[in-house]
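Next up, coords-v8.txt (compact mmCIF, C-alpha atoms):
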# COMPACT_ATOMS: atom_id res chain seq x y z
CA MET A 1 1.45 -47.14 101.71
CA ASN A 2 4.09 -46.44 99.06
CA ALA A 3 7.81 -46.18 99.82
CA GLU A 4 7.81 -42.38 99.74
CA SER A 5 5.01 -41.88 102.25
CA ASP A 6 6.44 -44.70 104.34
CA THR A 7 9.78 -42.87 104.62
CA ARG A 8 8.07 -39.63 105.56
CA SER A 9 5.94 -41.38 108.20
CA ARG A 10 8.97 -43.09 109.67
CA ILE A 11 10.81 -39.76 110.05
CA LEU A 12 7.71 -38.20 111.63
CA ALA A 13 7.22 -41.04 114.12
CA VAL A 14 10.86 -41.02 115.21
CA ALA A 15 10.97 -37.23 115.53
CA ARG A 16 7.73 -37.12 117.50
CA ASP A 17 9.02 -39.60 120.06
CA MET A 18 12.35 -37.81 120.36
CA PHE A 19 10.91 -34.29 120.66
CA HIS A 20 8.33 -35.55 123.14
CA GLY A 21 10.75 -37.52 125.29
CA ARG A 22 13.46 -34.85 125.32
CA SER A 23 13.05 -31.38 123.77
CA TYR A 24 13.15 -29.68 120.38
CA ALA A 25 16.65 -28.28 120.78
CA ASP A 26 18.08 -31.49 122.19
CA VAL A 27 17.33 -33.56 119.10
CA GLY A 28 19.53 -33.40 116.00
CA ILE A 29 18.67 -34.17 112.37
CA GLN A 30 21.58 -36.62 112.19
CA GLU A 31 20.22 -38.84 114.95
CA ILE A 32 16.68 -38.66 113.55
CA CYS A 33 18.05 -39.88 110.21
CA GLU A 34 19.93 -42.70 111.91
CA ALA A 35 16.95 -43.82 114.00
CA ALA A 36 14.61 -43.63 110.99
CA ARG A 37 17.20 -45.30 108.71
CA VAL A 38 17.08 -42.58 106.05
CA GLN A 39 19.80 -40.62 104.26
CA LYS A 40 20.09 -36.91 104.94
CA GLY A 41 19.26 -36.17 101.29
CA SER A 42 16.02 -38.07 101.69
CA PHE A 43 15.26 -36.23 104.95
CA TYR A 44 15.69 -32.82 103.31
CA HIS A 45 13.51 -33.93 100.43
CA PHE A 46 10.61 -34.19 102.89
CA PHE A 47 11.61 -31.55 105.44
CA PRO A 48 13.72 -28.58 104.32
CA SER A 49 14.60 -27.84 107.98
CA LYS A 50 14.20 -29.14 111.51
CA ARG A 51 11.58 -26.47 112.05
CA ASP A 52 9.53 -27.74 109.06
CA LEU A 53 9.77 -31.18 110.64
CA ALA A 54 8.56 -29.84 114.00
CA LEU A 55 5.57 -28.15 112.35
CA ALA A 56 4.70 -31.43 110.64
CA VAL A 57 5.07 -33.29 113.96
CA ILE A 58 2.65 -30.81 115.59
CA ASP A 59 0.11 -31.27 112.76
CA ASP A 60 0.52 -35.03 112.83
CA MET A 61 0.14 -35.33 116.60
CA ALA A 62 -2.76 -32.85 116.69
CA ASP A 63 -4.48 -34.98 114.07
CA ASP A 64 -3.93 -38.21 116.03
CA TRP A 65 -4.99 -36.46 119.21
CA ALA A 66 -8.18 -35.04 117.70
CA HIS A 67 -9.19 -38.40 116.24
CA GLY A 68 -7.86 -40.46 119.13
CA PHE A 69 -8.23 -39.78 122.79
CA VAL A 70 -9.81 -36.33 122.52
CA ALA A 71 -12.53 -37.69 120.23
CA GLU A 72 -13.09 -40.59 122.65
CA ALA A 73 -13.16 -38.35 125.71
CA PHE A 74 -15.57 -35.89 124.14
CA ASP A 75 -17.85 -38.66 122.91
CA PRO A 76 -21.25 -36.98 122.38
CA SER A 77 -23.06 -40.07 123.68
CA LEU A 78 -21.64 -39.43 127.17
CA PRO A 79 -23.34 -36.91 129.48
CA PRO A 80 -21.33 -33.65 129.09
CA VAL A 81 -19.98 -33.51 132.65
CA GLU A 82 -18.73 -37.11 132.38
CA ARG A 83 -16.72 -36.10 129.31
CA LEU A 84 -14.59 -33.84 131.51
CA ASP A 85 -13.74 -36.79 133.76
CA TYR A 86 -13.07 -38.93 130.73
CA MET A 87 -10.62 -36.33 129.39
CA VAL A 88 -8.69 -36.34 132.68
CA ASP A 89 -8.64 -40.17 132.72
CA ALA A 90 -7.42 -40.24 129.13
CA ALA A 91 -4.57 -37.85 129.98
CA TYR A 92 -3.68 -40.03 132.96
CA TYR A 93 -3.61 -43.32 131.06
CA TRP A 94 -1.63 -41.75 128.23
CA GLN A 95 1.03 -40.42 130.59
CA LYS A 96 1.05 -43.56 132.72
CA ALA A 97 1.58 -45.80 129.69
CA SER A 98 4.56 -43.68 128.62
CA ALA A 99 5.98 -43.57 132.14
CA ASP A 100 5.66 -47.37 132.50
CA LEU A 101 7.34 -47.88 129.14
CA GLU A 102 10.09 -45.27 129.29
CA GLY A 103 10.49 -44.66 133.04
CA ARG A 104 9.78 -40.99 132.40
CA MET A 105 6.59 -38.96 132.18
CA PRO A 106 6.91 -37.02 128.93
CA GLY A 107 4.11 -34.53 129.57
CA CYS A 108 2.09 -32.93 126.77
CA LEU A 109 4.14 -32.47 123.59
CA PHE A 110 2.21 -29.27 122.80
CA GLY A 111 2.77 -27.77 126.24
CA ASN A 112 6.44 -28.76 126.16
CA LEU A 113 7.02 -27.16 122.76
CA ALA A 114 4.94 -24.10 123.69
CA LEU A 115 7.15 -23.29 126.69
CA GLU A 116 10.38 -24.14 124.87
CA MET A 117 9.70 -22.31 121.61
CA SER A 118 7.12 -19.53 122.10
CA THR A 119 9.64 -16.73 122.66
CA ARG A 120 11.76 -17.87 119.73
CA ASP A 121 9.49 -18.91 116.89
CA ASP A 122 6.20 -17.16 116.18
CA VAL A 123 5.21 -19.63 113.48
CA MET A 124 5.55 -22.60 115.82
CA ARG A 125 3.84 -20.60 118.58
CA ALA A 126 0.87 -19.84 116.30
CA ARG A 127 0.60 -23.49 115.28
CA LEU A 128 0.57 -24.61 118.93
CA ASN A 129 -1.91 -21.89 119.79
CA ALA A 130 -4.24 -23.22 117.09
CA VAL A 131 -4.02 -26.70 118.64
CA PHE A 132 -4.93 -25.25 122.05
CA ASP A 133 -7.80 -23.26 120.53
CA LYS A 134 -9.25 -26.43 119.05
CA ALA A 135 -9.00 -28.21 122.41
CA ARG A 136 -10.61 -25.22 124.11
CA ASP A 137 -13.48 -25.39 121.59
CA GLN A 138 -14.10 -29.01 122.61
CA PHE A 139 -14.34 -28.00 126.25
CA ARG A 140 -16.55 -25.09 125.32
CA ALA A 141 -19.00 -27.17 123.27
CA THR A 142 -19.25 -29.60 126.19
CA LEU A 143 -19.94 -26.80 128.67
CA ASP A 144 -22.50 -25.20 126.32
CA GLU A 145 -24.29 -28.53 126.10
CA ALA A 146 -24.19 -29.02 129.88
CA VAL A 147 -25.64 -25.54 130.43
CA ALA A 148 -28.32 -26.03 127.75
CA ARG A 149 -29.37 -29.30 129.41
CA GLY A 150 -29.45 -27.68 132.83
CA ALA A 151 -26.66 -29.96 134.13
CA LEU A 152 -24.55 -26.89 134.97
CA ALA A 153 -25.55 -23.33 135.87
CA ALA A 154 -24.94 -20.55 133.33
CA MET A 155 -21.32 -19.39 133.09
CA ASP A 156 -18.88 -17.82 130.65
CA THR A 157 -18.34 -21.07 128.77
CA GLU A 158 -15.55 -19.75 126.54
CA ALA A 159 -13.44 -18.41 129.40
CA THR A 160 -14.19 -21.44 131.59
CA ALA A 161 -13.19 -23.74 128.72
CA SER A 162 -9.84 -21.90 128.45
CA ALA A 163 -9.43 -22.19 132.22
CA MET A 164 -10.04 -25.95 132.05
CA LEU A 165 -7.50 -26.41 129.29
CA ALA A 166 -4.97 -24.31 131.25
CA TYR A 167 -5.62 -26.43 134.32
CA LEU A 168 -5.10 -29.69 132.42
CA GLU A 169 -1.80 -28.41 131.04
CA GLY A 170 -0.75 -27.19 134.50
CA VAL A 171 -1.60 -30.51 136.14
CA ILE A 172 0.43 -32.36 133.51
CA LEU A 173 3.31 -29.89 134.08
CA LEU A 174 3.30 -30.56 137.83
CA ALA A 175 3.00 -34.32 137.30
CA LYS A 176 5.95 -34.25 134.89
CA THR A 177 8.03 -32.26 137.39
CA ARG A 178 7.29 -34.96 139.98
CA ASN A 179 7.67 -37.69 137.32
CA ASP A 180 4.46 -39.13 138.74
CA PRO A 181 1.34 -39.65 136.60
CA GLU A 182 -0.71 -40.28 139.77
CA VAL A 183 -0.69 -36.48 140.27
CA ILE A 184 -3.07 -36.30 137.29
CA LEU A 185 -5.49 -38.72 138.98
CA ARG A 186 -5.35 -36.82 142.26
CA LEU A 187 -5.65 -33.25 140.97
CA GLY A 188 -7.35 -33.74 137.60
CA PRO A 189 -10.98 -34.23 138.67
CA ALA A 190 -11.00 -30.73 140.23
CA ILE A 191 -11.17 -29.44 136.65
CA LYS A 192 -14.96 -29.63 137.08
CA THR A 193 -14.89 -27.09 139.93
CA LEU A 194 -13.37 -24.29 137.82
CA ARG A 195 -15.86 -21.60 136.99
CA ILE A 196 -15.71 -18.17 135.33
CA GLU A 197 -18.95 -16.22 135.53
CA MET A 198 -20.44 -14.19 132.69
CA ALA A 199 -19.15 -10.62 132.65
CA HIS A 200 -21.94 -8.16 133.46
CA MET B 201 30.35 -6.55 146.94
CA ASN B 202 33.89 -7.74 146.12
CA ALA B 203 35.11 -8.41 142.58
CA GLU B 204 34.70 -12.16 142.88
CA SER B 205 31.08 -12.12 144.02
CA ASP B 206 30.37 -9.37 141.48
CA THR B 207 31.60 -11.59 138.65
CA ARG B 208 29.53 -14.51 139.86
CA SER B 209 26.42 -12.33 140.18
CA ARG B 210 26.91 -10.92 136.69
CA ILE B 211 27.11 -14.41 135.19
CA LEU B 212 23.99 -15.46 137.11
CA ALA B 213 21.99 -12.41 136.04
CA VAL B 214 22.90 -12.80 132.36
CA ALA B 215 22.21 -16.55 132.39
CA ARG B 216 18.87 -16.11 134.11
CA ASP B 217 17.65 -13.64 131.51
CA MET B 218 18.87 -15.80 128.64
CA PHE B 219 17.44 -19.08 129.98
CA HIS B 220 14.17 -17.35 130.79
CA GLY B 221 13.83 -15.53 127.48
CA ARG B 222 14.86 -18.51 125.35
CA SER B 223 15.52 -22.01 126.75
CA TYR B 224 18.23 -23.94 128.54
CA ALA B 225 19.50 -25.74 125.46
CA ASP B 226 19.43 -22.64 123.27
CA VAL B 227 21.95 -20.72 125.37
CA GLY B 228 25.70 -21.38 125.13
CA ILE B 229 28.43 -20.79 127.68
CA GLN B 230 30.38 -18.74 125.12
CA GLU B 231 27.60 -16.16 124.70
CA ILE B 232 26.98 -16.00 128.44
CA CYS B 233 30.68 -15.19 128.92
CA GLU B 234 30.53 -12.52 126.23
CA ALA B 235 27.40 -10.88 127.61
CA ALA B 236 28.73 -10.99 131.19
CA ARG B 237 32.21 -9.83 130.04
CA VAL B 238 34.08 -12.69 131.72
CA GLN B 239 36.73 -15.11 130.45
CA LYS B 240 35.83 -18.78 130.14
CA GLY B 241 38.43 -19.65 132.79
CA SER B 242 36.67 -17.35 135.20
CA PHE B 243 33.29 -18.82 134.29
CA TYR B 244 34.47 -22.37 134.99
CA HIS B 245 35.95 -21.21 138.29
CA PHE B 246 32.42 -20.40 139.45
CA PHE B 247 30.42 -22.96 137.48
CA PRO B 248 32.06 -26.25 136.49
CA SER B 249 29.30 -26.83 133.89
CA LYS B 250 26.26 -25.25 132.28
CA ARG B 251 24.14 -27.54 134.43
CA ASP B 252 25.78 -26.22 137.63
CA LEU B 253 25.00 -22.73 136.37
CA ALA B 254 21.35 -23.68 135.75
CA LEU B 255 21.02 -25.09 139.27
CA ALA B 256 22.46 -21.84 140.66
CA VAL B 257 20.04 -19.82 138.49
CA ILE B 258 17.12 -21.85 139.87
CA ASP B 259 18.28 -21.28 143.47
CA ASP B 260 18.90 -17.60 142.82
CA MET B 261 15.54 -16.97 141.18
CA ALA B 262 13.70 -19.06 143.77
CA ASP B 263 15.30 -16.92 146.45
CA ASP B 264 14.32 -13.66 144.73
CA TRP B 265 10.87 -15.04 144.09
CA ALA B 266 10.35 -16.16 147.70
CA HIS B 267 11.49 -12.81 149.09
CA GLY B 268 9.97 -10.72 146.32
CA PHE B 269 6.59 -11.10 144.76
CA VAL B 270 5.57 -14.32 146.48
CA ALA B 271 6.29 -12.79 149.89
CA GLU B 272 4.32 -9.68 148.91
CA ALA B 273 1.41 -11.69 147.54
CA PHE B 274 1.21 -13.92 150.59
CA ASP B 275 1.43 -10.97 152.97
CA PRO B 276 -0.06 -12.26 156.25
CA SER B 277 -1.67 -8.86 156.90
CA LEU B 278 -4.01 -9.42 153.93
CA PRO B 279 -7.15 -11.54 154.38
CA PRO B 280 -6.23 -15.03 153.09
CA VAL B 281 -8.57 -15.10 150.10
CA GLU B 282 -7.24 -11.72 148.93
CA ARG B 283 -3.75 -13.19 148.88
CA LEU B 284 -4.82 -15.54 146.10
CA ASP B 285 -5.94 -12.57 144.00
CA TYR B 286 -2.74 -10.76 144.82
CA MET B 287 -0.68 -13.73 143.63
CA VAL B 288 -2.50 -13.72 140.28
CA ASP B 289 -2.03 -9.95 139.95
CA ALA B 290 1.66 -10.29 140.77
CA ALA B 291 2.08 -12.96 138.07
CA TYR B 292 0.27 -10.69 135.60
CA TYR B 293 2.33 -7.58 136.29
CA TRP B 294 5.56 -9.58 136.21
CA GLN B 295 4.73 -11.06 132.80
CA LYS B 296 3.32 -7.82 131.45
CA ALA B 297 6.46 -5.90 132.43
CA SER B 298 8.62 -8.44 130.58
CA ALA B 299 6.33 -8.46 127.56
CA ASP B 300 6.34 -4.65 127.37
CA LEU B 301 10.13 -4.59 127.65
CA GLU B 302 11.06 -7.52 125.41
CA GLY B 303 8.01 -7.90 123.16
CA ARG B 304 7.71 -11.48 124.36
CA MET B 305 6.02 -13.08 127.34
CA PRO B 306 8.72 -15.29 128.89
CA GLY B 307 6.44 -17.36 131.13
CA CYS B 308 7.59 -18.87 134.40
CA LEU B 309 11.28 -19.83 134.35
CA PHE B 310 10.56 -22.79 136.64
CA GLY B 311 7.73 -24.10 134.47
CA ASN B 312 9.79 -23.60 131.32
CA LEU B 313 12.78 -25.50 132.71
CA ALA B 314 10.54 -28.19 134.20
CA LEU B 315 9.00 -29.05 130.84
CA GLU B 316 12.28 -28.76 128.96
CA MET B 317 14.50 -30.71 131.36
CA SER B 318 12.42 -33.11 133.50
CA THR B 319 12.87 -36.15 131.27
CA ARG B 320 16.59 -35.50 130.89
CA ASP B 321 17.99 -34.40 134.24
CA ASP B 322 16.70 -35.77 137.53
CA VAL B 323 18.80 -33.38 139.61
CA MET B 324 17.35 -30.33 137.88
CA ARG B 325 13.88 -31.88 138.04
CA ALA B 326 14.23 -32.43 141.81
CA ARG B 327 15.41 -28.85 142.30
CA LEU B 328 12.42 -27.48 140.37
CA ASN B 329 10.09 -29.80 142.22
CA ALA B 330 11.36 -28.39 145.52
CA VAL B 331 10.60 -24.85 144.27
CA PHE B 332 7.06 -25.93 143.37
CA ASP B 333 6.64 -27.65 146.75
CA LYS B 334 7.56 -24.42 148.52
CA ALA B 335 5.05 -22.46 146.45
CA ARG B 336 2.41 -25.09 147.15
CA ASP B 337 3.12 -24.75 150.88
CA GLN B 338 2.40 -21.00 150.62
CA PHE B 339 -0.96 -21.72 149.00
CA ARG B 340 -1.64 -24.39 151.58
CA ALA B 341 -0.90 -22.17 154.60
CA THR B 342 -3.20 -19.53 153.11
CA LEU B 343 -6.01 -22.03 152.61
CA ASP B 344 -5.51 -23.46 156.12
CA GLU B 345 -5.83 -19.97 157.53
CA ALA B 346 -8.93 -19.20 155.44
CA VAL B 347 -10.57 -22.43 156.62
CA ALA B 348 -9.60 -21.80 160.27
CA ARG B 349 -11.12 -18.31 160.07
CA GLY B 350 -14.28 -19.65 158.47
CA ALA B 351 -13.67 -17.66 155.26
CA LEU B 352 -13.71 -20.91 153.27
CA ALA B 353 -15.44 -24.23 153.91
CA ALA B 354 -13.32 -27.24 154.90
CA MET B 355 -11.42 -28.86 152.02
CA ASP B 356 -8.29 -30.91 151.32
CA THR B 357 -6.01 -27.89 151.61
CA GLU B 358 -2.86 -29.70 150.49
CA ALA B 359 -4.39 -31.10 147.30
CA THR B 360 -6.25 -27.85 146.58
CA ALA B 361 -3.00 -25.90 147.06
CA SER B 362 -1.31 -28.16 144.48
CA ALA B 363 -4.27 -27.66 142.16
CA MET B 364 -3.97 -23.87 142.50
CA LEU B 365 -0.26 -23.94 141.73
CA ALA B 366 -0.90 -26.19 138.72
CA TYR B 367 -3.58 -23.79 137.51
CA LEU B 368 -1.29 -20.78 137.84
CA GLU B 369 1.40 -22.56 135.82
CA GLY B 370 -1.18 -23.64 133.23
CA VAL B 371 -2.58 -20.14 132.86
CA ILE B 372 0.93 -18.76 132.36
CA LEU B 373 1.59 -21.51 129.79
CA LEU B 374 -1.53 -20.59 127.81
CA ALA B 375 -0.74 -16.87 128.06
CA LYS B 376 2.79 -17.48 126.81
CA THR B 377 1.48 -19.53 123.88
CA ARG B 378 -0.76 -16.58 122.97
CA ASN B 379 2.03 -14.13 123.85
CA ASP B 380 -0.64 -12.20 125.74
CA PRO B 381 -0.33 -11.44 129.47
CA GLU B 382 -4.00 -10.34 129.53
CA VAL B 383 -4.89 -14.06 129.50
CA ILE B 384 -3.58 -14.15 133.10
CA LEU B 385 -5.95 -11.35 134.12
CA ARG B 386 -8.92 -12.99 132.43
CA LEU B 387 -8.42 -16.58 133.61
CA GLY B 388 -6.36 -16.12 136.76
CA PRO B 389 -9.04 -15.09 139.27
CA ALA B 390 -10.83 -18.43 138.72
CA ILE B 391 -8.02 -19.95 140.81
CA LYS B 392 -10.31 -19.26 143.80
CA THR B 393 -13.01 -21.58 142.46
CA LEU B 394 -10.77 -24.68 142.45
CA ARG B 395 -11.69 -27.10 145.19
CA ILE B 396 -10.63 -30.62 146.18
CA GLU B 397 -12.69 -32.14 148.98
CA MET B 398 -11.27 -34.16 151.87
CA ALA B 399 -11.04 -37.85 151.04
CA HIS B 400 -13.46 -39.90 153.16
Now, as a test, write the supplied structure out as structure tokens.
Amino acid sequence: MNAESDTRSRILAVARDMFHGRSYADVGIQEICEAARVQKGSFYHFFPSKRDLALAVIDDMADDWAHGFVAEAFDPSLPPVERLDYMVDAAYYWQKASADLEGRMPGCLFGNLALEMSTRDDVMRARLNAVFDKARDQFRATLDEAVARGALAAMDTEATASAMLAYLEGVILLAKTRNDPEVILRLGPAIKTLRIEMAH
Amino acid sequence: MNAESDTRSRILAVARDMFHGRSYADVGIQEICEAARVQKGSFYHFFPSKRDLALAVIDDMADDWAHGFVAEAFDPSLPPVERLDYMVDAAYYWQKASADLEGRMPGCLFGNLALEMSTRDDVMRARLNAVFDKARDQFRATLDEAVARGALAAMDTEATASAMLAYLEGVILLAKTRNDPEVILRLGPAIKTLRIEMAH
């Protein structure tokens, strides 16, 4: 990694942790520069504004997410219904690791930013929406496969996939409000009971 | 209403709309004072800090909520399972009215504040958690009644009630990210399919 991309990565990593652990509005460019040990001029070379930085953080985290725990959870070698359990477990271990380390459950960065920014920034909202759509497509492909194999009865897989994603975000929201990752373990598995029938 | 309580109510109403439509951090005391037409000295007489104001907004909205649409939705004269549908409809019409008026779906103020503030303010987190616990108790009483009447099979009503609340918050989160209240109508009714069995 050359010096330039190293500086950019350092800013991104620091900003991601700060936005995730606190909120978008609560974090200032000055403190990001200090924590990442970069000059402001260098910061603005990579990110013309805090909002450009936030968009890059969303892309960066979505990329890690897609190739990391989402890819593992939706492993095609697992039976489709087991993938849903795996996804809940992955969310639990992710939140628990953060809570053990920081003493605070940070929740889902995408959900956090979506509720903080959606009424104020349509570009950020659209970017977050695209992340959710991709996650929904993973749920949907899994449900389609389960239905095709006869493991689940026919249903509206697209709507049910959206419902499952909404539920996962809602469970993480409630767990964050209780600052207790165990809420994910207790409520999460019920994701498999959600069902939206085909419209007739 | 005397002048003093009128001033306090005006500050509360303005702050609630601003926090709900934007975020906690995005709103300043100066602009609240301007919009409510009060002097800063008067503001600080009622609310020693922005955080005290936010706690009062939470209490105020929780009170309105409990006596307004939640009380209507959980009307004991309705069959219990219908109350769940009524709750989803109430959330939809509430969000749709705001979206029609403001062009933006504001989401649930409690969910918004919970994700923005939970890692940063344990007092606000506890206050929001208490609001969620009360809502969960409404769901739970409804489920207990449905089970007692034989309208639903036995289940872990406390855990299922938490799951239903989480789902409602998650559906509102997804709808806000799409800025589309219709998402609540499409996904919401599946709340009735969520089920957590009794632990054995």
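Using all atoms listed in the file, we find that the part of chain A lying within 6 Å of chain B comprises Ser23, Arg104, Asn112, Ala114, Leu115, Glu116, Ser118, Thr119, Arg125, Asn129, Ala163, Ala166, Tyr167, Glu169, Gly170, Val171, Thr177, Leu187, Ala190, Thr193, Leu194 and Ile196 of chain A.
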Between CA of Arg10 (chain A) and CA of Ala66 (chain A) lies a distance of 20.6 Å
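Note that CA of Cys33 (chain A) and CA of Lys250 (chain B) are 27.7 Å apart.
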One decimal, Å: what's the distance from CA of Glu72 (chain A) over to CA of Ala399 (chain B), could you say?
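Distance reported for this atom pair: 28.6 Å.
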Hey, can you pull every residue with an atom no more than 12 Å from (-1.1, -5.8, 135.5), using all atoms listed in the file, and send it as a PyMOL selection string?
chain B and resi 285-300+380-386+388
Could you list, as a list of chain:residue names, every residue within 9 Å of Phe43 (chain A), counting all atoms listed in the file and ignoring same-chain residues fewer than 3 positions away?
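In the requested format, the answer is A:Thr7, A:Arg8, A:Ile11, A:Ile29, A:Cys33, A:Val38, A:Gln39, A:Lys40, A:Phe46, A:Phe47, A:Pro48, A:Ser49.
Look at Pro280 (chain B): the protein and nucleic acid residues within 8 Å of it, using all atoms listed in the file and passing over chain neighbours fewer than 5 places away, are Phe274, Thr342, Leu343, Glu345 and Ala346 of chain B.
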